[in-house]
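Engineer: Data file protein.cif (mmCIF, C-alpha atoms) is appended below.
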```cif
data_work
loop_
_atom_site.label_atom_id
_atom_site.label_comp_id
_atom_site.auth_asym_id
_atom_site.auth_seq_id
_atom_site.Cartn_x
_atom_site.Cartn_y
_atom_site.Cartn_z
CA MET A 1 -69.03 -82.80 -27.01
CA SER A 2 -68.46 -82.94 -23.28
CA ILE A 3 -67.11 -79.39 -23.01
CA GLU A 4 -69.21 -76.33 -23.42
CA ILE A 5 -68.19 -72.88 -24.50
CA VAL A 6 -70.11 -71.26 -21.64
CA GLN A 7 -68.08 -73.24 -19.13
CA LEU A 8 -64.84 -72.25 -20.80
CA VAL A 9 -65.64 -68.55 -21.08
CA GLY A 10 -66.80 -68.50 -17.47
CA PHE A 11 -63.55 -70.06 -16.39
CA ALA A 12 -61.55 -67.52 -18.42
CA LEU A 13 -63.58 -64.65 -16.92
CA ILE A 14 -62.98 -65.83 -13.34
CA ALA A 15 -59.28 -66.32 -14.03
CA THR A 16 -59.04 -62.83 -15.55
CA PHE A 17 -60.68 -61.19 -12.53
CA LEU A 18 -58.41 -63.03 -10.11
CA ILE A 19 -55.33 -62.10 -12.14
CA ILE A 20 -56.28 -58.41 -12.17
CA LEU A 21 -56.97 -58.61 -8.42
CA LEU A 22 -53.49 -59.99 -7.73
CA LYS A 23 -51.57 -57.89 -10.23
CA GLU A 24 -51.20 -54.91 -7.87
CA GLN A 25 -50.00 -56.90 -4.87
CA LYS A 26 -48.08 -59.85 -6.24
CA PRO A 27 -47.23 -59.64 -9.96
CA VAL A 28 -45.30 -62.94 -9.86
CA ILE A 29 -48.22 -64.97 -8.55
CA SER A 30 -50.49 -63.17 -10.98
CA LEU A 31 -48.26 -64.27 -13.85
CA SER A 32 -48.26 -67.85 -12.55
CA LEU A 33 -52.04 -67.67 -12.49
CA THR A 34 -52.03 -66.60 -16.15
CA LEU A 35 -49.82 -69.58 -16.97
CA GLY A 36 -52.01 -72.03 -15.07
CA ALA A 37 -55.24 -70.68 -16.53
CA GLY A 38 -53.83 -70.95 -20.07
CA ALA A 39 -52.71 -74.52 -19.45
CA ILE A 40 -56.05 -75.57 -17.99
CA ILE A 41 -58.00 -74.02 -20.88
CA PHE A 42 -55.87 -75.88 -23.38
CA LEU A 43 -56.28 -79.12 -21.40
CA PHE A 44 -60.05 -78.56 -21.59
CA ILE A 45 -59.96 -78.25 -25.35
CA LEU A 46 -57.43 -81.03 -25.97
CA THR A 47 -59.77 -83.89 -25.10
CA PRO A 48 -62.21 -83.29 -28.01
CA VAL A 49 -59.30 -82.44 -30.30
CA GLU A 50 -57.73 -85.79 -29.47
CA SER A 51 -60.74 -87.73 -30.76
CA ALA A 52 -60.93 -85.52 -33.87
CA LEU A 53 -57.26 -86.15 -34.62
CA GLU A 54 -57.83 -89.87 -34.08
CA LEU A 55 -60.54 -89.76 -36.75
CA ILE A 56 -58.26 -87.85 -39.15
CA ARG A 57 -55.51 -90.39 -38.54
CA THR A 58 -57.86 -93.30 -39.25
CA LEU A 59 -59.15 -91.65 -42.43
CA SER A 60 -55.65 -90.92 -43.71
CA GLY A 61 -54.71 -94.52 -42.99
CA GLN A 62 -57.66 -95.76 -45.03
CA ALA A 63 -56.85 -93.35 -47.86
CA GLY A 64 -53.37 -94.86 -48.02
CA ILE A 65 -51.51 -91.63 -47.26
CA ASN A 66 -47.95 -92.21 -46.08
CA ASN A 67 -47.96 -92.13 -42.30
CA MET A 68 -44.83 -89.96 -42.28
CA TYR A 69 -46.71 -86.97 -43.76
CA MET A 70 -49.52 -87.03 -41.20
CA GLU A 71 -47.06 -87.48 -38.37
CA THR A 72 -44.96 -84.52 -39.52
CA LEU A 73 -48.05 -82.38 -39.97
CA LEU A 74 -49.31 -83.10 -36.45
CA LYS A 75 -45.85 -82.53 -35.02
CA ILE A 76 -45.67 -79.15 -36.76
CA ILE A 77 -49.07 -78.18 -35.33
CA GLY A 78 -47.96 -79.22 -31.84
CA ILE A 79 -44.66 -77.35 -32.07
CA ALA A 80 -46.40 -74.25 -33.40
CA TYR A 81 -48.82 -74.28 -30.49
CA LEU A 82 -46.10 -74.86 -27.88
CA ALA A 83 -43.91 -72.09 -29.30
CA GLU A 84 -46.89 -69.73 -29.31
CA PHE A 85 -47.70 -70.68 -25.71
CA GLY A 86 -44.14 -70.03 -24.51
CA ALA A 87 -43.86 -66.79 -26.46
CA HIS A 88 -47.11 -65.46 -25.03
CA ILE A 89 -46.02 -66.26 -21.49
CA ALA A 90 -42.75 -64.39 -22.03
CA ARG A 91 -44.62 -61.50 -23.66
CA ASP A 92 -47.04 -61.28 -20.72
CA ALA A 93 -44.03 -60.79 -18.45
CA ASP A 94 -42.81 -57.96 -20.71
CA GLN A 95 -39.89 -60.06 -21.96
CA GLU A 96 -40.26 -59.23 -25.62
CA ALA A 97 -36.75 -60.42 -26.50
CA ILE A 98 -37.22 -63.91 -25.06
CA ALA A 99 -40.61 -64.19 -26.76
CA ALA A 100 -39.03 -63.36 -30.12
CA LYS A 101 -36.32 -65.99 -29.57
CA VAL A 102 -38.86 -68.67 -28.65
CA GLU A 103 -40.83 -67.90 -31.80
CA LEU A 104 -37.64 -68.01 -33.87
CA ALA A 105 -36.70 -71.37 -32.36
CA GLY A 106 -40.18 -72.72 -33.12
CA LYS A 107 -39.90 -71.64 -36.76
CA MET A 108 -36.45 -73.20 -37.06
CA ILE A 109 -37.62 -76.54 -35.66
CA ILE A 110 -40.63 -76.53 -37.99
CA ILE A 111 -38.33 -75.93 -40.98
CA MET A 112 -36.13 -78.82 -39.83
CA LEU A 113 -39.18 -81.09 -39.65
CA ALA A 114 -40.42 -80.01 -43.08
CA ILE A 115 -37.11 -80.73 -44.85
CA PRO A 116 -37.79 -84.47 -45.54
CA ILE A 117 -41.19 -83.65 -47.09
CA PHE A 118 -39.60 -80.92 -49.19
CA GLN A 119 -36.94 -83.38 -50.32
CA VAL A 120 -39.61 -85.85 -51.43
CA LEU A 121 -41.38 -83.03 -53.30
CA ILE A 122 -38.20 -82.02 -55.13
CA GLU A 123 -37.48 -85.62 -56.07
CA THR A 124 -41.03 -86.05 -57.41
CA VAL A 125 -40.77 -82.90 -59.51
CA LEU A 126 -37.37 -83.96 -60.84
CA SER A 127 -38.71 -87.38 -61.80
CA LEU A 128 -41.48 -85.67 -63.77
CA ILE A 129 -39.00 -83.69 -65.84
CA PRO A 130 -37.70 -85.88 -68.67
CA GLY A 131 -33.94 -86.09 -68.86
CA ALA A 132 -33.34 -84.33 -65.55
CA ALA A 133 -32.79 -87.35 -63.35
CA MET B 1 -61.21 -83.61 -15.70
CA ALA B 2 -58.40 -83.43 -13.17
CA TYR B 3 -58.25 -79.66 -13.04
CA ASP B 4 -61.05 -77.21 -12.80
CA VAL B 5 -61.81 -73.77 -11.50
CA ASN B 6 -60.87 -74.88 -7.96
CA THR B 7 -57.18 -74.97 -8.88
CA ILE B 8 -57.32 -71.35 -10.04
CA PHE B 9 -59.17 -70.36 -6.86
CA GLN B 10 -56.53 -72.13 -4.77
CA ILE B 11 -53.67 -70.29 -6.45
CA ALA B 12 -55.46 -66.94 -6.24
CA GLY B 13 -56.26 -67.63 -2.58
CA ILE B 14 -52.61 -68.34 -1.82
CA GLY B 15 -51.71 -65.11 -3.59
CA ILE B 16 -54.21 -63.00 -1.65
CA ILE B 17 -53.27 -64.55 1.73
CA VAL B 18 -49.56 -64.11 1.03
CA ALA B 19 -50.15 -60.46 0.09
CA MET B 20 -52.12 -59.99 3.33
CA ILE B 21 -49.45 -61.60 5.53
CA HIS B 22 -46.80 -59.58 3.73
CA THR B 23 -48.63 -56.33 4.51
CA VAL B 24 -49.20 -57.27 8.17
CA LEU B 25 -45.58 -58.29 8.72
CA LYS B 26 -44.41 -55.10 7.02
CA GLN B 27 -46.57 -53.03 9.36
CA MET B 28 -45.01 -54.86 12.31
CA GLY B 29 -41.59 -53.90 11.02
CA LYS B 30 -40.47 -57.44 10.19
CA GLU B 31 -39.36 -56.87 6.60
CA ASP B 32 -37.14 -59.95 6.35
CA TRP B 33 -39.93 -62.26 7.54
CA ALA B 34 -42.28 -60.72 5.00
CA HIS B 35 -39.85 -61.52 2.21
CA TRP B 36 -39.56 -65.14 3.35
CA VAL B 37 -43.36 -65.48 3.35
CA THR B 38 -43.50 -64.13 -0.19
CA LEU B 39 -40.78 -66.53 -1.32
CA ILE B 40 -42.45 -69.59 0.22
CA GLY B 41 -45.83 -68.63 -1.20
CA PHE B 42 -44.27 -68.25 -4.62
CA VAL B 43 -42.59 -71.67 -4.37
CA VAL B 44 -45.89 -73.34 -3.47
CA VAL B 45 -47.68 -71.63 -6.38
CA LEU B 46 -44.83 -72.53 -8.72
CA TYR B 47 -45.10 -76.20 -7.68
CA MET B 48 -48.82 -76.25 -8.48
CA ILE B 49 -48.28 -74.50 -11.82
CA ALA B 50 -45.43 -76.87 -12.67
CA THR B 51 -47.74 -79.86 -12.10
CA ILE B 52 -50.37 -78.40 -14.44
CA ILE B 53 -47.80 -77.47 -17.09
CA ASP B 54 -46.27 -80.95 -16.92
CA ASP B 55 -49.71 -82.45 -17.45
CA LEU B 56 -50.31 -80.13 -20.42
CA PHE B 57 -46.97 -81.01 -22.01
CA GLN B 58 -47.53 -84.75 -21.60
CA LYS B 59 -50.96 -84.39 -23.18
CA ILE B 60 -49.62 -82.33 -26.10
CA LYS B 61 -46.89 -84.93 -26.58
CA SER B 62 -49.42 -87.75 -26.71
CA VAL B 63 -51.80 -85.88 -29.02
CA PHE B 64 -49.51 -84.09 -31.48
CA LEU B 65 -46.01 -85.45 -31.21
CA PHE B 66 -46.83 -89.13 -30.73
CA GLN B 67 -43.94 -90.73 -28.88
CA GLY B 68 -42.27 -87.30 -28.63
#
```
Kindly return the structure encoded in the file as structure tokens.

Structural biologist:
Amino acid sequence: MSIEIVQLVGFALIATFLIILLKEQKPVISLSLTLGAGAIIFLFILTPVESALELIRTLSGQAGINNMYMETLLKIIGIAYLAEFGAHIARDADQEAIAAKVELAGKMIIIMLAIPIFQVLIETVLSLIPGAA
Amino acid sequence: MAYDVNTIFQIAGIGIIVAMIHTVLKQMGKEDWAHWVTLIGFVVVLYMIATIIDDLFQKIKSVFLFQG
């Protein structure tokens, strides 16, 4: 593990102080700073997550799980995180309405992605019922 | 690691300097110049943030969404 929690919390603390310092004078730059700090923290954490996901992908490949399911699952996680990120940025700028729309859009896209899996599930259940299919 | 705490310090520094210049120019009675300084400072900060956000999105694409 190349990244340490102390490093990350220290970074977040420094960013928070700088944002509070700038909030009075220049709220726009302060908001940009929030955005940048959030992005950098997630970039920090993404490198270990990448190797962990690689391991999960290898294991699921060895277990013979259909690649489509893993891919959809990871995509849903990614979309959920991105939607959350965008919604929080909008919420920080006191734009509650835009935040709600971004979250709604994220949910819609996740439902769209989950439809093929749901279809497979329904077909499996139907094939288990005698005389239904 | 391409980004570290220096990036945040840079952006905060730009913000503080722009706020300072804005105050000085306002005291001198040059309101329009002060607004231009604010705008240019904001554009520079936005460019830096856009670079970081682009990097983040590319990384998320490669980790979670595969080919996107």

Engineer: I need the chain A residues near chain B as a PyMOL selection string; criterion: at most 8 Å, counting all atoms listed in the file.

Structural biologist: chain A and resi 11+15+18-19+22+25-26+28-30+32-33+35-37+39-40+42-44+46+50+53+71+74-75+77-78

Engineer: Taking all atoms of range 40-51 of chain B that the file lists and extending 4 Å past them on each side, where is the centre of the axis-aligned box and how long are its edges? Answer in Å to one decimal, as JSON.

Structural biologist:
```
{"center_x": -45.6, "center_y": -74.1, "center_z": -6.2, "size_x": 14.4, "size_y": 19.6, "size_z": 20.9}
```

Engineer: Ile111 in chain A: which residues within 12 Å, counting all atoms listed in the file, same-chain residues fewer than 3 positions away excluded, as JSON, numbers by chain?

Structural biologist: {"A": [72, 73, 75, 76, 79, 80, 104, 105, 106, 107, 108, 114, 115, 116, 117, 118]}

Engineer: Go through A:Ile56, A:Leu31, A:Ala12, A:Ile20 and flag the residue nearest His88 in chain A, using only C-alpha atoms for the distances.

Structural biologist: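 Closest to His88 in chain A of all the choices is A:Leu31.
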
Engineer: Would you compute the distance between CA of Leu113 in chain A and CA of Asn66 in chain A? Give it in Å to one decimal.

Structural biologist: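 Computed distance, CA of Leu113 in chain A to CA of Asn66 in chain A, equals 15.6 Å.
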
Engineer: Could you expand the PyMOL selection byres ((chain A and resi 103) around 12) into the explicit residues it covers here, written as a list in words?

Structural biologist: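 This file, filtered by the PyMOL selection byres ((chain A and resi 103) around 12), leaves Ile79, Ala80, Tyr81, Leu82, Ala83, Glu84, Phe85, Gly86, Ala87, His88, Ile89, Ala90, Arg91, Glu96, Ala97, Ile98, Ala99, Ala100, Lys101, Val102, Leu104, Ala105, Gly106, Lys107, Met108, Ile109 and Ile110 of chain A.
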
Engineer: Interatomic distance between CA of Ile14 in chain A and CA of Asn6 in chain B?

Structural biologist: 10.7 Å

Engineer: Could N, CA and C atoms be built for range 106-132 of chain A and written out as a short mmCIF file (atom, residue, chain, number, x, y, z; two decimals), in the frame of the given file?

Structural biologist:
```
data_model
loop_
_atom_site.label_atom_id
_atom_site.label_comp_id
_atom_site.auth_asym_id
_atom_site.auth_seq_id
_atom_site.Cartn_x
_atom_site.Cartn_y
_atom_site.Cartn_z
N GLY A 106 -39.06 -71.93 -32.62
CA GLY A 106 -40.18 -72.72 -33.12
C GLY A 106 -40.17 -72.80 -34.64
N LYS A 107 -39.93 -71.65 -35.29
CA LYS A 107 -39.90 -71.64 -36.76
C LYS A 107 -38.76 -72.51 -37.28
N MET A 108 -37.60 -72.40 -36.62
CA MET A 108 -36.45 -73.20 -37.06
C MET A 108 -36.76 -74.69 -36.98
N ILE A 109 -37.34 -75.11 -35.85
CA ILE A 109 -37.62 -76.54 -35.66
C ILE A 109 -38.64 -77.02 -36.68
N ILE A 110 -39.63 -76.14 -36.99
CA ILE A 110 -40.63 -76.53 -37.99
C ILE A 110 -39.97 -76.70 -39.36
N ILE A 111 -39.03 -75.80 -39.70
CA ILE A 111 -38.33 -75.93 -40.98
C ILE A 111 -37.55 -77.24 -41.03
N MET A 112 -36.88 -77.56 -39.90
CA MET A 112 -36.13 -78.82 -39.83
C MET A 112 -37.05 -80.02 -40.09
N LEU A 113 -38.26 -79.97 -39.50
CA LEU A 113 -39.18 -81.09 -39.65
C LEU A 113 -39.70 -81.18 -41.08
N ALA A 114 -39.81 -80.01 -41.75
CA ALA A 114 -40.42 -80.01 -43.08
C ALA A 114 -39.43 -80.41 -44.16
N ILE A 115 -38.13 -80.44 -43.83
CA ILE A 115 -37.11 -80.73 -44.85
C ILE A 115 -37.32 -82.08 -45.55
N PRO A 116 -37.59 -83.20 -44.83
CA PRO A 116 -37.79 -84.47 -45.54
C PRO A 116 -38.94 -84.43 -46.54
N ILE A 117 -40.05 -83.76 -46.17
CA ILE A 117 -41.19 -83.65 -47.09
C ILE A 117 -40.79 -82.85 -48.31
N PHE A 118 -40.05 -81.76 -48.09
CA PHE A 118 -39.60 -80.92 -49.19
C PHE A 118 -38.69 -81.70 -50.13
N GLN A 119 -37.85 -82.54 -49.52
CA GLN A 119 -36.94 -83.38 -50.32
C GLN A 119 -37.74 -84.32 -51.22
N VAL A 120 -38.77 -84.95 -50.65
CA VAL A 120 -39.61 -85.85 -51.43
C VAL A 120 -40.27 -85.09 -52.58
N LEU A 121 -40.72 -83.86 -52.28
CA LEU A 121 -41.38 -83.03 -53.30
C LEU A 121 -40.42 -82.74 -54.44
N ILE A 122 -39.19 -82.33 -54.10
CA ILE A 122 -38.20 -82.02 -55.13
C ILE A 122 -37.90 -83.24 -55.99
N GLU A 123 -37.78 -84.40 -55.31
CA GLU A 123 -37.48 -85.62 -56.07
C GLU A 123 -38.62 -85.96 -57.02
N THR A 124 -39.87 -85.77 -56.56
CA THR A 124 -41.03 -86.05 -57.41
C THR A 124 -41.03 -85.14 -58.63
N VAL A 125 -40.78 -83.85 -58.39
CA VAL A 125 -40.77 -82.90 -59.51
C VAL A 125 -39.66 -83.26 -60.49
N LEU A 126 -38.50 -83.62 -59.96
CA LEU A 126 -37.37 -83.96 -60.84
C LEU A 126 -37.67 -85.20 -61.67
N SER A 127 -38.40 -86.17 -61.05
CA SER A 127 -38.71 -87.38 -61.80
C SER A 127 -39.73 -87.11 -62.90
N LEU A 128 -40.49 -86.01 -62.75
CA LEU A 128 -41.48 -85.67 -63.77
C LEU A 128 -40.82 -85.02 -64.98
N ILE A 129 -39.68 -84.36 -64.74
CA ILE A 129 -39.00 -83.69 -65.84
C ILE A 129 -38.19 -84.73 -66.62
N PRO A 130 -38.45 -84.88 -67.90
CA PRO A 130 -37.70 -85.88 -68.67
C PRO A 130 -36.25 -85.44 -68.88
N GLY A 131 -35.34 -86.37 -68.63
CA GLY A 131 -33.94 -86.09 -68.86
C GLY A 131 -33.25 -85.37 -67.74
N ALA A 132 -33.98 -85.05 -66.65
CA ALA A 132 -33.34 -84.33 -65.55
C ALA A 132 -32.70 -85.29 -64.56
#
```
